[in-house]
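Note: the block below is structure.txt and it holds compact mmCIF, C-alpha atoms.
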```
# COMPACT_ATOMS: atom_id res chain seq x y z
CA MET K 1 75.38 88.87 82.93
CA ASN K 2 74.57 85.20 82.18
CA ALA K 3 77.15 82.41 82.31
CA LEU K 4 77.73 82.35 78.53
CA ASN K 5 78.21 86.10 78.31
CA LEU K 6 80.44 86.04 81.39
CA THR K 7 82.68 83.41 79.79
CA ASP K 8 82.91 85.48 76.60
CA TYR K 9 83.65 88.61 78.63
CA THR K 10 86.43 86.98 80.65
CA HIS K 11 87.91 85.41 77.51
CA THR K 12 87.95 88.84 75.85
CA LEU K 13 89.71 90.38 78.83
CA GLY K 14 92.35 87.65 78.69
CA LEU K 15 92.90 87.93 74.94
CA GLN K 16 93.17 91.73 75.08
CA ALA K 17 95.64 91.51 77.98
CA LYS K 18 97.78 88.97 76.14
CA GLN K 19 97.93 91.14 73.05
CA ALA K 20 98.72 94.24 75.10
CA SER K 21 101.47 92.43 77.02
CA ALA K 22 103.47 91.93 73.80
CA ARG K 23 103.49 95.69 73.21
CA MET K 24 104.24 96.47 76.87
CA ALA K 25 107.23 94.11 76.91
CA LYS K 26 108.99 96.12 74.22
CA ALA K 27 107.84 99.59 75.30
CA PRO K 28 110.76 102.00 75.85
CA ALA K 29 111.43 103.07 79.42
CA ALA K 30 110.79 106.72 78.53
CA ILE K 31 107.23 105.97 77.38
CA LYS K 32 106.43 103.83 80.44
CA ASN K 33 107.77 106.60 82.68
CA ALA K 34 105.73 109.20 80.83
CA ALA K 35 102.59 107.15 81.46
CA LEU K 36 103.38 106.97 85.18
CA LYS K 37 103.95 110.72 85.43
CA ARG K 38 100.74 111.37 83.50
CA LEU K 39 98.85 109.11 85.90
CA ALA K 40 100.27 111.03 88.88
CA ASP K 41 99.06 114.30 87.32
CA LEU K 42 95.60 112.87 86.66
CA LEU K 43 95.27 111.61 90.22
CA ARG K 44 96.08 115.03 91.66
CA ALA K 45 93.74 116.77 89.23
CA ASN K 46 90.81 114.50 90.11
CA VAL K 47 90.92 114.32 93.91
CA ALA K 48 87.45 115.82 94.37
CA ALA K 49 85.85 113.65 91.67
CA LEU K 50 87.46 110.52 93.06
CA GLN K 51 86.11 111.27 96.52
CA VAL K 52 82.59 111.61 95.13
CA ASP K 53 82.76 108.06 93.74
CA ASN K 54 84.50 106.83 96.88
CA ALA K 55 81.70 108.26 99.03
CA LYS K 56 79.21 106.00 97.23
CA ASP K 57 81.22 102.93 98.20
CA ILE K 58 81.63 104.04 101.80
CA GLU K 59 77.91 104.81 102.12
CA ARG K 60 76.99 101.34 100.83
CA ALA K 61 79.56 99.68 103.09
CA VAL K 62 78.26 101.41 106.21
CA ALA K 63 74.66 100.62 105.29
CA ALA K 64 75.60 96.98 104.77
CA GLY K 65 77.18 96.81 108.24
CA LEU K 66 80.73 96.26 107.00
CA ALA K 67 83.21 96.06 109.90
CA ALA K 68 84.95 99.32 110.82
CA PRO K 69 88.45 98.14 109.76
CA MET K 70 87.08 97.21 106.33
CA VAL K 71 85.34 100.57 105.96
CA ASP K 72 88.61 102.25 106.92
CA ARG K 73 90.40 100.36 104.15
CA LEU K 74 87.87 101.68 101.64
CA LYS K 75 88.63 105.35 102.25
CA LEU K 76 90.24 107.21 99.36
CA THR K 77 91.37 110.31 101.26
CA PRO K 78 93.44 113.11 99.71
CA LYS K 79 96.44 111.71 101.61
CA VAL K 80 95.90 108.24 100.13
CA ILE K 81 95.55 109.70 96.63
CA GLU K 82 98.71 111.78 97.07
CA THR K 83 100.62 108.70 98.24
CA CYS K 84 99.46 106.90 95.07
CA ALA K 85 100.65 109.83 92.94
CA GLN K 86 104.00 109.89 94.69
CA GLY K 87 104.32 106.14 94.18
CA CYS K 88 103.85 106.61 90.43
CA GLU K 89 106.52 109.31 90.38
CA GLN K 90 108.88 107.21 92.47
CA LEU K 91 108.50 104.34 90.02
CA ALA K 92 109.08 106.67 87.06
CA ALA K 93 112.34 107.86 88.63
CA MET K 94 113.64 104.33 89.13
CA ALA K 95 115.91 102.55 86.69
CA ASP K 96 114.20 100.25 84.20
CA VAL K 97 115.23 96.68 85.01
CA ILE K 98 113.61 95.14 81.91
CA GLY K 99 116.31 93.83 79.58
CA GLU K 100 118.95 93.97 82.30
CA ILE K 101 121.50 91.13 82.00
CA ILE K 102 123.10 89.82 85.16
CA GLY K 103 125.72 87.21 86.02
CA MET K 104 127.32 87.06 82.59
CA LYS K 105 130.24 84.59 82.76
CA GLU K 106 132.45 83.01 80.13
CA GLN K 107 132.49 79.21 80.17
CA PRO K 108 135.42 76.91 79.22
CA SER K 109 133.73 76.30 75.86
CA GLY K 110 133.98 80.01 75.04
CA ILE K 111 130.27 80.78 75.31
CA ARG K 112 129.12 83.49 77.70
CA VAL K 113 126.06 82.72 79.86
CA GLY K 114 123.95 85.19 81.82
CA GLN K 115 120.34 85.95 82.73
CA MET K 116 118.06 88.64 81.34
CA ARG K 117 115.21 90.16 83.34
CA VAL K 118 111.94 90.11 81.39
CA PRO K 119 108.26 90.80 82.18
CA ILE K 120 106.12 87.94 83.46
CA GLY K 121 103.50 88.75 80.79
CA VAL K 122 99.97 89.00 82.20
CA PHE K 123 99.07 88.94 85.86
CA GLY K 124 95.63 88.80 87.37
CA MET K 125 95.05 90.71 90.59
CA ILE K 126 92.10 89.85 92.83
CA PHE K 127 91.74 92.17 95.78
CA GLU K 128 89.31 93.42 98.39
CA SER K 129 88.56 96.76 100.01
CA ARG K 130 91.47 99.12 99.36
CA PRO K 131 90.82 100.97 96.06
CA ASN K 132 94.37 102.38 96.09
CA VAL K 133 95.48 98.86 95.14
CA THR K 134 94.12 99.64 91.66
CA ILE K 135 96.79 102.32 91.25
CA GLU K 136 99.55 100.31 92.91
CA ALA K 137 98.90 97.33 90.65
CA ALA K 138 98.49 99.44 87.52
CA SER K 139 101.64 101.49 88.10
CA LEU K 140 103.78 98.44 88.83
CA SER K 141 102.36 96.70 85.78
CA ILE K 142 103.29 99.65 83.57
CA LYS K 143 106.82 99.99 84.97
CA SER K 144 107.53 96.25 84.73
CA GLY K 145 106.27 96.02 81.15
CA ASN K 146 103.39 93.68 81.96
CA ALA K 147 99.68 93.72 81.28
CA CYS K 148 97.21 93.08 84.08
CA ILE K 149 93.58 92.25 84.74
CA LEU K 150 92.28 93.70 88.00
CA ARG K 151 89.27 92.42 89.88
CA GLY K 152 88.48 94.54 92.95
CA GLY K 153 85.85 93.85 95.57
CA SER K 154 82.22 94.78 95.00
CA GLU K 155 82.44 97.10 98.04
CA ALA K 156 84.84 99.41 96.13
CA ILE K 157 83.42 99.13 92.61
CA ASP K 158 82.72 102.84 92.03
CA SER K 159 86.13 103.91 93.35
CA ASN K 160 87.93 101.26 91.31
CA LYS K 161 86.11 102.18 88.11
CA ALA K 162 86.99 105.85 88.56
CA LEU K 163 90.65 105.05 89.16
CA ALA K 164 90.80 102.61 86.24
CA ARG K 165 89.48 105.30 83.89
CA LEU K 166 92.40 107.54 84.88
CA VAL K 167 94.85 104.69 84.31
CA GLN K 168 93.53 104.02 80.82
CA GLN K 169 93.62 107.72 80.01
CA ALA K 170 97.28 107.87 81.08
CA LEU K 171 98.10 104.84 78.93
CA VAL K 172 96.42 106.21 75.82
CA ASP K 173 97.83 109.71 76.32
CA SER K 174 101.32 108.18 76.47
CA GLY K 175 100.98 105.93 73.43
CA LEU K 176 100.63 102.63 75.30
CA PRO K 177 97.82 100.08 74.70
CA GLU K 178 94.66 100.90 76.66
CA HIS K 179 94.15 97.20 77.45
CA ALA K 180 97.48 96.97 79.27
CA VAL K 181 95.46 97.57 82.45
CA GLN K 182 91.89 96.29 82.56
CA LEU K 183 89.45 96.38 85.45
CA VAL K 184 86.75 93.74 85.60
CA GLN K 185 83.54 95.78 85.34
CA THR K 186 81.17 93.24 86.87
CA THR K 187 80.87 92.27 90.54
CA ASP K 188 79.76 88.74 89.63
CA ARG K 189 81.96 86.39 91.69
CA GLU K 190 81.99 83.79 88.94
CA VAL K 191 84.48 85.91 87.01
CA VAL K 192 87.08 85.10 89.67
CA GLY K 193 86.73 81.38 89.02
CA GLN K 194 87.23 81.95 85.31
CA LEU K 195 90.11 84.39 85.68
CA ILE K 196 92.17 81.96 87.78
CA ALA K 197 91.64 79.17 85.25
CA MET K 198 92.97 80.80 82.06
CA PRO K 199 96.62 79.71 81.78
CA GLN K 200 96.48 80.48 78.05
CA PHE K 201 96.16 84.18 78.93
CA VAL K 202 97.18 84.69 82.58
CA ASP K 203 100.70 83.89 83.79
CA VAL K 204 100.26 84.48 87.52
CA ILE K 205 97.45 85.33 89.94
CA ILE K 206 97.96 87.64 92.93
CA PRO K 207 95.16 87.56 95.52
CA ARG K 208 95.11 90.34 98.11
CA GLY K 209 92.40 90.21 100.72
CA GLY K 210 90.92 88.08 103.47
CA LYS K 211 92.09 84.61 104.39
CA GLY K 212 88.99 83.00 102.85
CA LEU K 213 89.61 84.61 99.46
CA ILE K 214 93.29 83.66 99.38
CA GLU K 215 92.64 80.08 100.46
CA ARG K 216 90.02 79.73 97.71
CA ILE K 217 92.34 81.14 95.05
CA SER K 218 95.22 78.91 96.17
CA ARG K 219 92.97 75.85 96.08
CA GLU K 220 91.25 76.45 92.74
CA ALA K 221 93.78 78.33 90.60
CA LYS K 222 95.19 76.65 87.50
CA VAL K 223 97.96 79.24 87.22
CA PRO K 224 100.74 80.06 89.72
CA VAL K 225 99.74 82.17 92.75
CA ILE K 226 101.74 84.79 94.70
CA LYS K 227 100.04 85.13 98.08
CA HIS K 228 100.05 85.85 101.77
CA LEU K 229 97.38 84.43 104.04
CA ASP K 230 97.47 86.96 106.89
CA GLY K 231 99.65 89.39 108.82
CA ASN K 232 100.19 88.11 112.34
CA CYS K 233 103.17 90.41 112.98
CA HIS K 234 105.22 90.39 116.19
CA THR K 235 107.25 92.98 118.07
CA TYR K 236 109.70 91.53 120.59
CA VAL K 237 111.03 93.83 123.34
CA ASP K 238 114.43 92.44 124.31
CA ASP K 239 116.56 92.60 127.43
CA PRO K 240 118.49 94.90 127.16
CA CYS K 241 116.65 97.62 125.25
CA ASP K 242 116.05 101.35 125.28
CA ILE K 243 112.74 101.39 127.16
CA ALA K 244 111.64 104.81 125.91
CA MET K 245 112.37 103.81 122.31
CA ALA K 246 110.62 100.46 122.77
CA VAL K 247 107.49 102.17 124.13
CA LYS K 248 107.42 104.58 121.18
CA VAL K 249 107.91 101.85 118.57
CA ALA K 250 105.50 99.34 120.15
CA ASP K 251 102.87 102.08 120.30
CA ASN K 252 103.33 103.00 116.62
CA ALA K 253 103.48 99.38 115.47
CA LYS K 254 100.05 98.70 116.96
CA THR K 255 98.09 101.94 117.08
CA SER K 256 99.17 104.10 114.12
CA LYS K 257 96.55 102.18 112.13
CA TYR K 258 94.75 98.98 113.08
CA SER K 259 93.63 97.69 109.69
CA PRO K 260 96.88 97.10 107.72
CA CYS K 261 98.49 93.67 107.52
CA ASN K 262 101.77 95.12 108.85
CA ALA K 263 100.31 96.26 112.19
CA THR K 264 101.77 94.39 115.17
CA GLU K 265 99.27 91.89 116.53
CA SER K 266 101.42 90.21 119.18
CA LEU K 267 103.84 91.78 121.67
CA LEU K 268 106.56 89.62 123.24
CA VAL K 269 108.45 91.07 126.21
CA ALA K 270 111.65 89.77 127.83
CA ARG K 271 111.13 88.99 131.51
CA GLY K 272 114.01 91.24 132.57
CA VAL K 273 112.41 94.43 131.18
CA ALA K 274 108.73 93.55 131.60
CA PRO K 275 108.24 95.26 135.02
CA GLU K 276 109.43 98.58 133.58
CA PHE K 277 108.14 98.31 130.02
CA LEU K 278 104.70 96.70 130.32
CA PRO K 279 103.04 99.27 132.63
CA ARG K 280 104.13 102.09 130.33
CA ILE K 281 102.96 100.52 127.09
CA GLY K 282 99.91 99.08 128.82
CA GLN K 283 98.76 102.52 129.91
CA ILE K 284 99.21 103.91 126.41
CA TYR K 285 97.22 101.03 124.92
CA ALA K 286 94.52 101.55 127.55
CA ASP K 287 94.29 105.27 126.81
CA LYS K 288 93.79 104.41 123.13
CA GLY K 289 91.18 101.74 123.82
CA VAL K 290 93.32 98.73 122.96
CA GLU K 291 92.34 95.43 124.56
CA MET K 292 95.31 93.41 125.84
CA ARG K 293 95.04 89.61 125.74
CA CYS K 294 97.84 88.51 128.05
CA ASP K 295 99.47 85.31 129.19
CA ALA K 296 99.15 84.68 132.93
CA GLU K 297 102.45 86.34 133.83
CA ALA K 298 101.83 89.52 131.84
CA LEU K 299 98.24 89.66 133.10
CA ALA K 300 99.34 89.47 136.74
CA LEU K 301 101.97 92.19 136.25
CA LEU K 302 99.55 94.57 134.55
CA GLN K 303 96.78 93.91 137.07
CA THR K 304 99.19 94.70 139.93
CA TYR K 305 100.17 97.93 138.18
CA GLN K 306 96.54 98.94 137.78
CA GLU K 307 95.63 98.11 141.38
CA ASN K 308 98.53 100.15 142.74
CA ARG K 309 98.16 103.07 140.35
CA PRO K 310 96.99 106.41 141.83
CA PRO K 311 93.47 107.19 140.47
CA ALA K 312 94.52 110.18 138.34
CA GLN K 313 98.05 109.09 137.42
CA VAL K 314 99.30 110.34 134.08
CA ASN K 315 102.78 109.80 132.70
CA LYS K 316 103.65 113.28 131.40
CA ALA K 317 106.07 111.81 128.89
CA ASP K 318 103.18 109.94 127.31
CA SER K 319 100.52 112.64 127.72
CA ALA K 320 100.78 113.82 124.12
CA ILE K 321 99.52 110.49 122.88
CA ASN K 322 96.88 109.95 125.56
CA ASN K 323 93.28 110.00 124.44
CA ALA K 324 91.94 113.53 124.88
CA ALA K 325 88.65 112.11 126.10
CA ASN K 326 90.35 111.04 129.32
CA HIS K 327 90.79 114.71 130.37
CA GLY K 328 94.06 114.00 132.15
CA ALA K 329 92.99 110.80 133.91
CA ALA K 330 94.61 107.54 132.85
CA ALA K 331 92.15 105.01 131.45
CA ASP K 332 91.63 101.59 133.00
CA LEU K 333 93.49 98.81 131.27
CA LYS K 334 91.42 96.40 129.18
CA LEU K 335 92.94 93.11 130.32
CA VAL K 336 91.90 89.61 129.20
CA LEU K 337 93.56 86.24 129.74
CA ALA K 338 94.81 85.07 126.32
CA GLN K 339 93.52 81.85 124.79
CA ALA K 340 95.73 79.54 122.76
CA SER K 341 94.12 80.84 119.55
CA ASP K 342 95.21 84.41 120.31
CA TRP K 343 98.83 83.66 119.47
CA PHE K 344 97.77 82.88 115.88
CA GLU K 345 95.34 85.78 115.47
CA GLU K 346 95.43 88.68 113.01
CA TYR K 347 93.03 91.06 114.76
CA LEU K 348 93.02 94.07 112.40
CA ALA K 349 91.44 95.83 115.38
CA PRO K 350 92.42 97.55 118.68
CA ILE K 351 93.38 94.22 120.25
CA ILE K 352 96.88 92.88 120.93
CA SER K 353 98.18 89.66 122.46
CA ILE K 354 100.99 90.01 125.03
CA LYS K 355 103.36 87.35 126.32
CA ILE K 356 106.37 87.47 128.61
CA VAL K 357 109.30 85.32 127.42
CA ALA K 358 112.64 84.40 128.97
CA GLY K 359 114.67 86.07 126.22
CA VAL K 360 115.53 86.19 122.55
CA ASP K 361 115.67 82.40 122.01
CA GLU K 362 112.16 81.85 123.37
CA ALA K 363 110.92 84.85 121.36
CA ILE K 364 112.32 83.40 118.13
CA THR K 365 110.79 79.99 118.85
CA HIS K 366 107.40 81.54 119.60
CA ILE K 367 107.45 83.70 116.46
CA ASN K 368 108.42 80.82 114.17
CA GLN K 369 105.61 78.71 115.65
CA TYR K 370 102.78 81.27 115.61
CA SER K 371 103.77 83.96 113.11
CA SER K 372 102.27 84.15 109.64
CA HIS K 373 105.84 84.84 108.41
CA HIS K 374 104.93 88.35 107.30
CA THR K 375 106.89 90.86 109.42
CA ASP K 376 108.52 90.56 112.84
CA ALA K 377 110.69 93.03 114.77
CA ILE K 378 113.13 93.04 117.69
CA LEU K 379 113.78 96.10 119.86
CA THR K 380 117.18 95.64 121.46
CA ARG K 381 120.53 97.09 122.49
CA ASP K 382 122.31 93.77 122.03
CA HIS K 383 124.00 93.37 118.63
CA MET K 384 124.30 89.59 118.93
CA HIS K 385 120.61 89.26 119.82
CA ALA K 386 119.73 91.39 116.80
CA GLN K 387 121.87 89.26 114.49
CA ALA K 388 120.37 86.02 115.81
CA PHE K 389 116.86 87.42 115.32
CA LEU K 390 117.64 88.47 111.73
CA ARG K 391 119.12 85.06 110.87
CA GLU K 392 116.67 82.79 112.63
CA VAL K 393 113.21 84.39 112.33
CA ASP K 394 111.62 82.83 109.24
CA SER K 395 109.62 85.78 107.93
CA ALA K 396 109.46 87.84 104.74
CA SER K 397 110.57 90.99 106.58
CA VAL K 398 112.65 90.96 109.78
CA MET K 399 113.39 94.25 111.52
CA VAL K 400 115.62 95.67 114.24
CA ASN K 401 114.63 98.70 116.34
CA THR K 402 111.81 99.94 114.16
CA SER K 403 108.08 99.56 113.61
CA THR K 404 106.53 96.67 111.68
CA ARG K 405 104.39 99.33 109.97
CA PHE K 406 107.35 100.02 107.65
CA ALA K 407 106.75 96.69 105.87
CA ASP K 408 105.45 98.35 102.74
CA GLY K 409 106.63 98.67 99.16
CA PHE K 410 106.46 102.48 99.20
CA GLU K 411 108.44 102.67 102.46
CA TYR K 412 110.99 100.18 101.10
CA GLY K 413 111.61 102.42 98.10
CA LEU K 414 109.90 100.09 95.63
CA GLY K 415 107.59 102.87 94.44
CA ALA K 416 104.55 100.73 95.14
CA GLU K 417 103.75 97.13 95.92
CA ILE K 418 101.45 94.57 94.41
CA GLY K 419 101.15 92.89 97.80
CA ILE K 420 103.30 91.34 100.50
CA SER K 421 104.15 87.73 99.79
CA THR K 422 104.75 85.23 102.58
CA ASP K 423 105.63 82.59 99.98
CA LYS K 424 109.25 81.62 99.42
CA PHE K 425 108.77 81.27 95.64
CA HIS K 426 108.68 83.27 93.37
CA ALA K 427 108.72 86.49 95.39
CA ARG K 428 108.91 87.19 99.13
CA GLY K 429 108.01 90.31 101.11
CA PRO K 430 106.69 93.46 99.40
CA VAL K 431 106.36 92.59 95.71
CA GLY K 432 107.59 95.44 93.53
CA ILE K 433 108.98 95.62 90.00
CA GLU K 434 111.39 92.70 90.27
CA GLY K 435 108.67 90.49 91.75
CA LEU K 436 106.71 90.98 88.53
CA THR K 437 109.59 89.87 86.32
CA SER K 438 111.24 86.61 85.43
CA LEU K 439 114.77 85.67 84.42
CA LYS K 440 115.64 83.86 81.24
CA TYR K 441 119.07 82.57 80.29
CA VAL K 442 120.88 84.30 77.46
CA VAL K 443 123.87 82.69 75.79
CA LEU K 444 126.34 84.62 73.62
CA GLY K 445 128.74 82.87 71.33
CA GLN K 446 131.06 83.33 68.36
CA GLY K 447 130.46 80.12 66.45
CA GLU K 448 131.29 77.65 69.23
CA VAL K 449 129.98 74.08 68.84
CA ARG K 450 129.64 71.44 71.52
CA ALA K 451 132.17 68.61 71.37
```

Could the structure of this file be written out as structure tokens, please?
Amino acid sequence: MNALNLTDYTHTLGLQAKQASARMAKAPAAIKNAALKRLADLLRANVAALQVDNAKDIERAVAAGLAAPMVDRLKLTPKVIETCAQGCEQLAAMADVIGEIIGMKEQPSGIRVGQMRVPIGVFGMIFESRPNVTIEAASLSIKSGNACILRGGSEAIDSNKALARLVQQALVDSGLPEHAVQLVQTTDREVVGQLIAMPQFVDVIIPRGGKGLIERISREAKVPVIKHLDGNCHTYVDDPCDIAMAVKVADNAKTSKYSPCNATESLLVARGVAPEFLPRIGQIYADKGVEMRCDAEALALLQTYQENRPPAQVNKADSAINNAANHGAAADLKLVLAQASDWFEEYLAPIISIKIVAGVDEAITHINQYSSHHTDAILTRDHMHAQAFLREVDSASVMVNTSTRFADGFEYGLGAEIGISTDKFHARGPVGIEGLTSLKYVVLGQGEVRA
């Protein structure tokens, strides 16, 4: 597609989205919900066909040498498809917030002033890898009464096209405009530059992908951007804490899946519990092949544990999650001295940074300095420590005694998410329906005039 045709194509997408957004804004809740339920049915009915298209993307990605975490993000498994379908149904079951009026108060003049929740209009979504984002974005767009233009990565083009066809079928079958959700059909990167520079059609851009993509969008966009740069999430193990619970949560937060932005990348451990906690979690990480990049104190403690460990030691309590390849023998710990850059790093891989801290105050200071302000958790038995952590950690999601992996729109009951924003305006944390709306003032009177 040449530059002139590409400009015409992008302009057409924008115009069609703008026209569709007017119809979506006034669509009754029952029709939007019907479209979501229809989409859930179509997803379940087309699992096999979707996997055929997905296999083409995965084959190309492997042949191109795409990193393993990125290939993992591409996979459209039956479980992933079912989660998408459930997200659509969860959204359909939720109350419709469009047209909701809040904060209505009568003023001394007699007028009543409140705010009405309305759709943003048209949002552009630029994302990489995960094809399920197509469904998450589409379903949230439908529920919130918006129109959207989706531009997925070239590595997932066949999967995205197949999913977008189901979305458009659900829209048409339900009596909604087919252009309410449009997928950019070309992989030409120039379309991104044009999409982010059409304020006459696009009201907000939401990039979801690597740091390079998001930095480019933030720098070049001529429309507002909702973004997060990376997910350097922390789990802090406090003194006092339930050691067994802390081991279980720290294991899940890192190893349940390495590629998501809500996986813990840095583990902070209070000095008072480190001698008991670190050897236990260290052995689990070792058995799962996780490299530990430690500060000097944590490194020394873990090295001492390894040197003094009987050759075939296995903690029976942890044996169920040991790597079967070890055949009952505990694996050697992969220990590396951390560099200064490790405290900032989002690995998206079986690597974790580990630091021993004096206590909750030092943990909070460290997190606020090095965190990407995405999601951070404290594991503690001390209520005051938990409250201080919740108040003082400057992140979009702050957690007590649970895994950072719960930082997700579906897990938060939002039905789906458009992304996780580390901005403070206009939305923060998992962006669901309300993050795709705006508030306008409404004023009700009975003939009052201003003196």

With 12 Å as the cut-off and all atoms listed in the file counted, what is the closest atom pair between each nearby residue of range 187-242 of chain K and range 143-153 of chain K? Distances in Å to one decimal, ordered by chain and number, as a tab-separated table.
```
residue	atom	partner	partner_atom	distance
K:Thr187	CA	K:Gly153	CA	7.3
K:Asp188	CA	K:Gly153	CA	9.9
K:Arg189	CA	K:Gly153	CA	9.3
K:Glu190	CA	K:Arg151	CA	11.3
K:Val191	CA	K:Arg151	CA	8.6
K:Val192	CA	K:Arg151	CA	7.6
K:Gly193	CA	K:Arg151	CA	11.4
K:Gln194	CA	K:Arg151	CA	11.6
K:Leu195	CA	K:Ile149	CA	8.6
K:Ile196	CA	K:Ile149	CA	10.8
K:Met198	CA	K:Ile149	CA	11.8
K:Phe201	CA	K:Ile149	CA	10.3
K:Val202	CA	K:Cys148	CA	8.5
K:Asp203	CA	K:Cys148	CA	9.8
K:Val204	CA	K:Cys148	CA	9.8
K:Ile205	CA	K:Ile149	CA	9.5
K:Ile206	CA	K:Leu150	CA	9.7
K:Pro207	CA	K:Arg151	CA	9.5
K:Arg208	CA	K:Gly152	CA	9.4
K:Gly209	CA	K:Gly153	CA	9.1
K:Gly210	CA	K:Gly153	CA	11.0
K:Leu213	CA	K:Gly153	CA	10.7
```

Exercise. Determine, counting only C-alpha atoms, which protein, DNA and RNA residues have an atom within 12 Å of an atom of Thr134 in chain K; residues of the same chain fewer than 4 positions away are not included. Present the result as number ranges by chain.
Key: K: 74, 76, 81, 84, 124-130, 138-141, 148-153, 156-168, 181-184, 208, 416-419

Practice problem: Go ahead and compute the interatomic distance for CA of Cys294 in chain K and CA of Leu335 in chain K, in Å to one decimal. | Solution: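 Value for the CA of Cys294 in chain K-CA of Leu335 in chain K distance: 7.1 Å.
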
Exercise. Quote the spacing between CA of Phe123 in chain K and CA of Val71 in chain K in Å to one decimal place.
Key: 27.0 Å

Exercise. Identify, on the basis of all atoms listed in the file, every residue whose closest approach to range 345-358 of chain K does not exceed 8 Å; exclude the query and any residue fewer than 4 positions from it along the same chain; express the result as a VMD selection string.
Key: chain K and resid 69 230 to 233 254 to 255 258 to 261 263 to 272 274 289 to 295 297 to 298 338 341 362 to 363

Quiz item: What is the distance between CA of Arg38 in chain K and CA of Glu178 in chain K, in Å to one decimal?
Solution: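 Separation between CA of Arg38 in chain K and CA of Glu178 in chain K: 13.9 Å.
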
Exercise. Between K:Arg219, K:Lys257, K:Lys56, K:Arg117, single out the one closest to Lys288 in chain K, counting only C-alpha atoms.
Key: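 The shortest atom-to-atom distance to Lys288 in chain K comes from K:Lys257.
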
Exercise. Write out as a list in words the residues lying within 10 Å of Thr422 in chain K, counting all atoms listed in the file and excluding same-chain residues fewer than 2 positions away.
Key: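 My reading of the contact set: Ile226, Lys227, His228, Leu229, Asp230, Gly231, Ser372, His373, His374, Thr375, Asp394, Ser395, Ala396, Ser397, Gly419, Ile420, Lys424, Phe425, Ala427, Arg428, Gly429 and Pro430 of chain K.
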
Quiz item: Closest to Ala61 in chain K among K:Ser438, K:Val122, K:Glu155, K:Gln303, using only C-alpha atoms?
Solution: K:Glu155

Quiz item: Of the candidates K:Ile142, K:Ala45, K:Val97, K:Ala137, which shows the shortest atom-to-atom distance to Ser21 in chain K, using all atoms listed in the file?
Solution: K:Ile142

Give me the range 282-401 of chain K side of the contact with range 236-240 of chain K, cut-off 12 Å, one line per residue showing its nearest atom pair and distance in Å at one decimal, counting all atoms listed in the file, sorted by chain and residue number, as CSV.
```
residue,atom,partner,partner_atom,distance
K:Ser353,CA,K:Tyr236,CA,11.8
K:Ile354,CA,K:Tyr236,CA,9.9
K:Lys355,CA,K:Tyr236,CA,9.5
K:Ile356,CA,K:Val237,CA,9.5
K:Val357,CA,K:Tyr236,CA,9.2
K:Ala358,CA,K:Asp239,CA,9.2
K:Gly359,CA,K:Asp238,CA,6.7
K:Val360,CA,K:Asp238,CA,6.6
K:Asp361,CA,K:Asp238,CA,10.4
K:Glu362,CA,K:Tyr236,CA,10.4
K:Ala363,CA,K:Tyr236,CA,6.8
K:Ile364,CA,K:Tyr236,CA,8.9
K:Thr365,CA,K:Tyr236,CA,11.7
K:His366,CA,K:Tyr236,CA,10.3
K:Ile367,CA,K:Tyr236,CA,9.1
K:Thr375,CA,K:Tyr236,CA,11.5
K:Asp376,CA,K:Tyr236,CA,7.9
K:Ala377,CA,K:Tyr236,CA,6.1
K:Ile378,CA,K:Tyr236,CA,4.7
K:Leu379,CA,K:Val237,CA,5.0
K:Thr380,CA,K:Asp238,CA,5.1
K:Arg381,CA,K:Pro240,CA,5.5
K:Asp382,CA,K:Pro240,CA,6.5
K:His383,CA,K:Pro240,CA,10.3
K:Met384,CA,K:Pro240,CA,11.4
K:His385,CA,K:Asp238,CA,8.3
K:Ala386,CA,K:Asp238,CA,9.3
K:Phe389,CA,K:Tyr236,CA,9.8
K:Val393,CA,K:Tyr236,CA,11.5
K:Val398,CA,K:Tyr236,CA,11.2
K:Met399,CA,K:Tyr236,CA,10.2
K:Val400,CA,K:Tyr236,CA,9.6
K:Asn401,CA,K:Val237,CA,9.3
```

Would you put the residues from that selection into a file with C-alpha atoms, as a compact mmCIF listing (two decimals), in the coordinates of the input?
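Output (again29.txt):
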```
# COMPACT_ATOMS: atom_id res chain seq x y z
CA SER K 353 98.18 89.66 122.46
CA ILE K 354 100.99 90.01 125.03
CA LYS K 355 103.36 87.35 126.32
CA ILE K 356 106.37 87.47 128.61
CA VAL K 357 109.30 85.32 127.42
CA ALA K 358 112.64 84.40 128.97
CA GLY K 359 114.67 86.07 126.22
CA VAL K 360 115.53 86.19 122.55
CA ASP K 361 115.67 82.40 122.01
CA GLU K 362 112.16 81.85 123.37
CA ALA K 363 110.92 84.85 121.36
CA ILE K 364 112.32 83.40 118.13
CA THR K 365 110.79 79.99 118.85
CA HIS K 366 107.40 81.54 119.60
CA ILE K 367 107.45 83.70 116.46
CA THR K 375 106.89 90.86 109.42
CA ASP K 376 108.52 90.56 112.84
CA ALA K 377 110.69 93.03 114.77
CA ILE K 378 113.13 93.04 117.69
CA LEU K 379 113.78 96.10 119.86
CA THR K 380 117.18 95.64 121.46
CA ARG K 381 120.53 97.09 122.49
CA ASP K 382 122.31 93.77 122.03
CA HIS K 383 124.00 93.37 118.63
CA MET K 384 124.30 89.59 118.93
CA HIS K 385 120.61 89.26 119.82
CA ALA K 386 119.73 91.39 116.80
CA PHE K 389 116.86 87.42 115.32
CA VAL K 393 113.21 84.39 112.33
CA VAL K 398 112.65 90.96 109.78
CA MET K 399 113.39 94.25 111.52
CA VAL K 400 115.62 95.67 114.24
CA ASN K 401 114.63 98.70 116.34
```

Could the centre and edge lengths of an axis-aligned box, enclosing all atoms of range 412-429 of chain K in the file with 5 Å extra on each side, be given in Å to one decimal as AutoDock Vina command-line options?
```
--center_x 106.4 --center_y 92.1 --center_z 98.0 --size_x 20.5 --size_y 31.6 --size_z 19.2
```
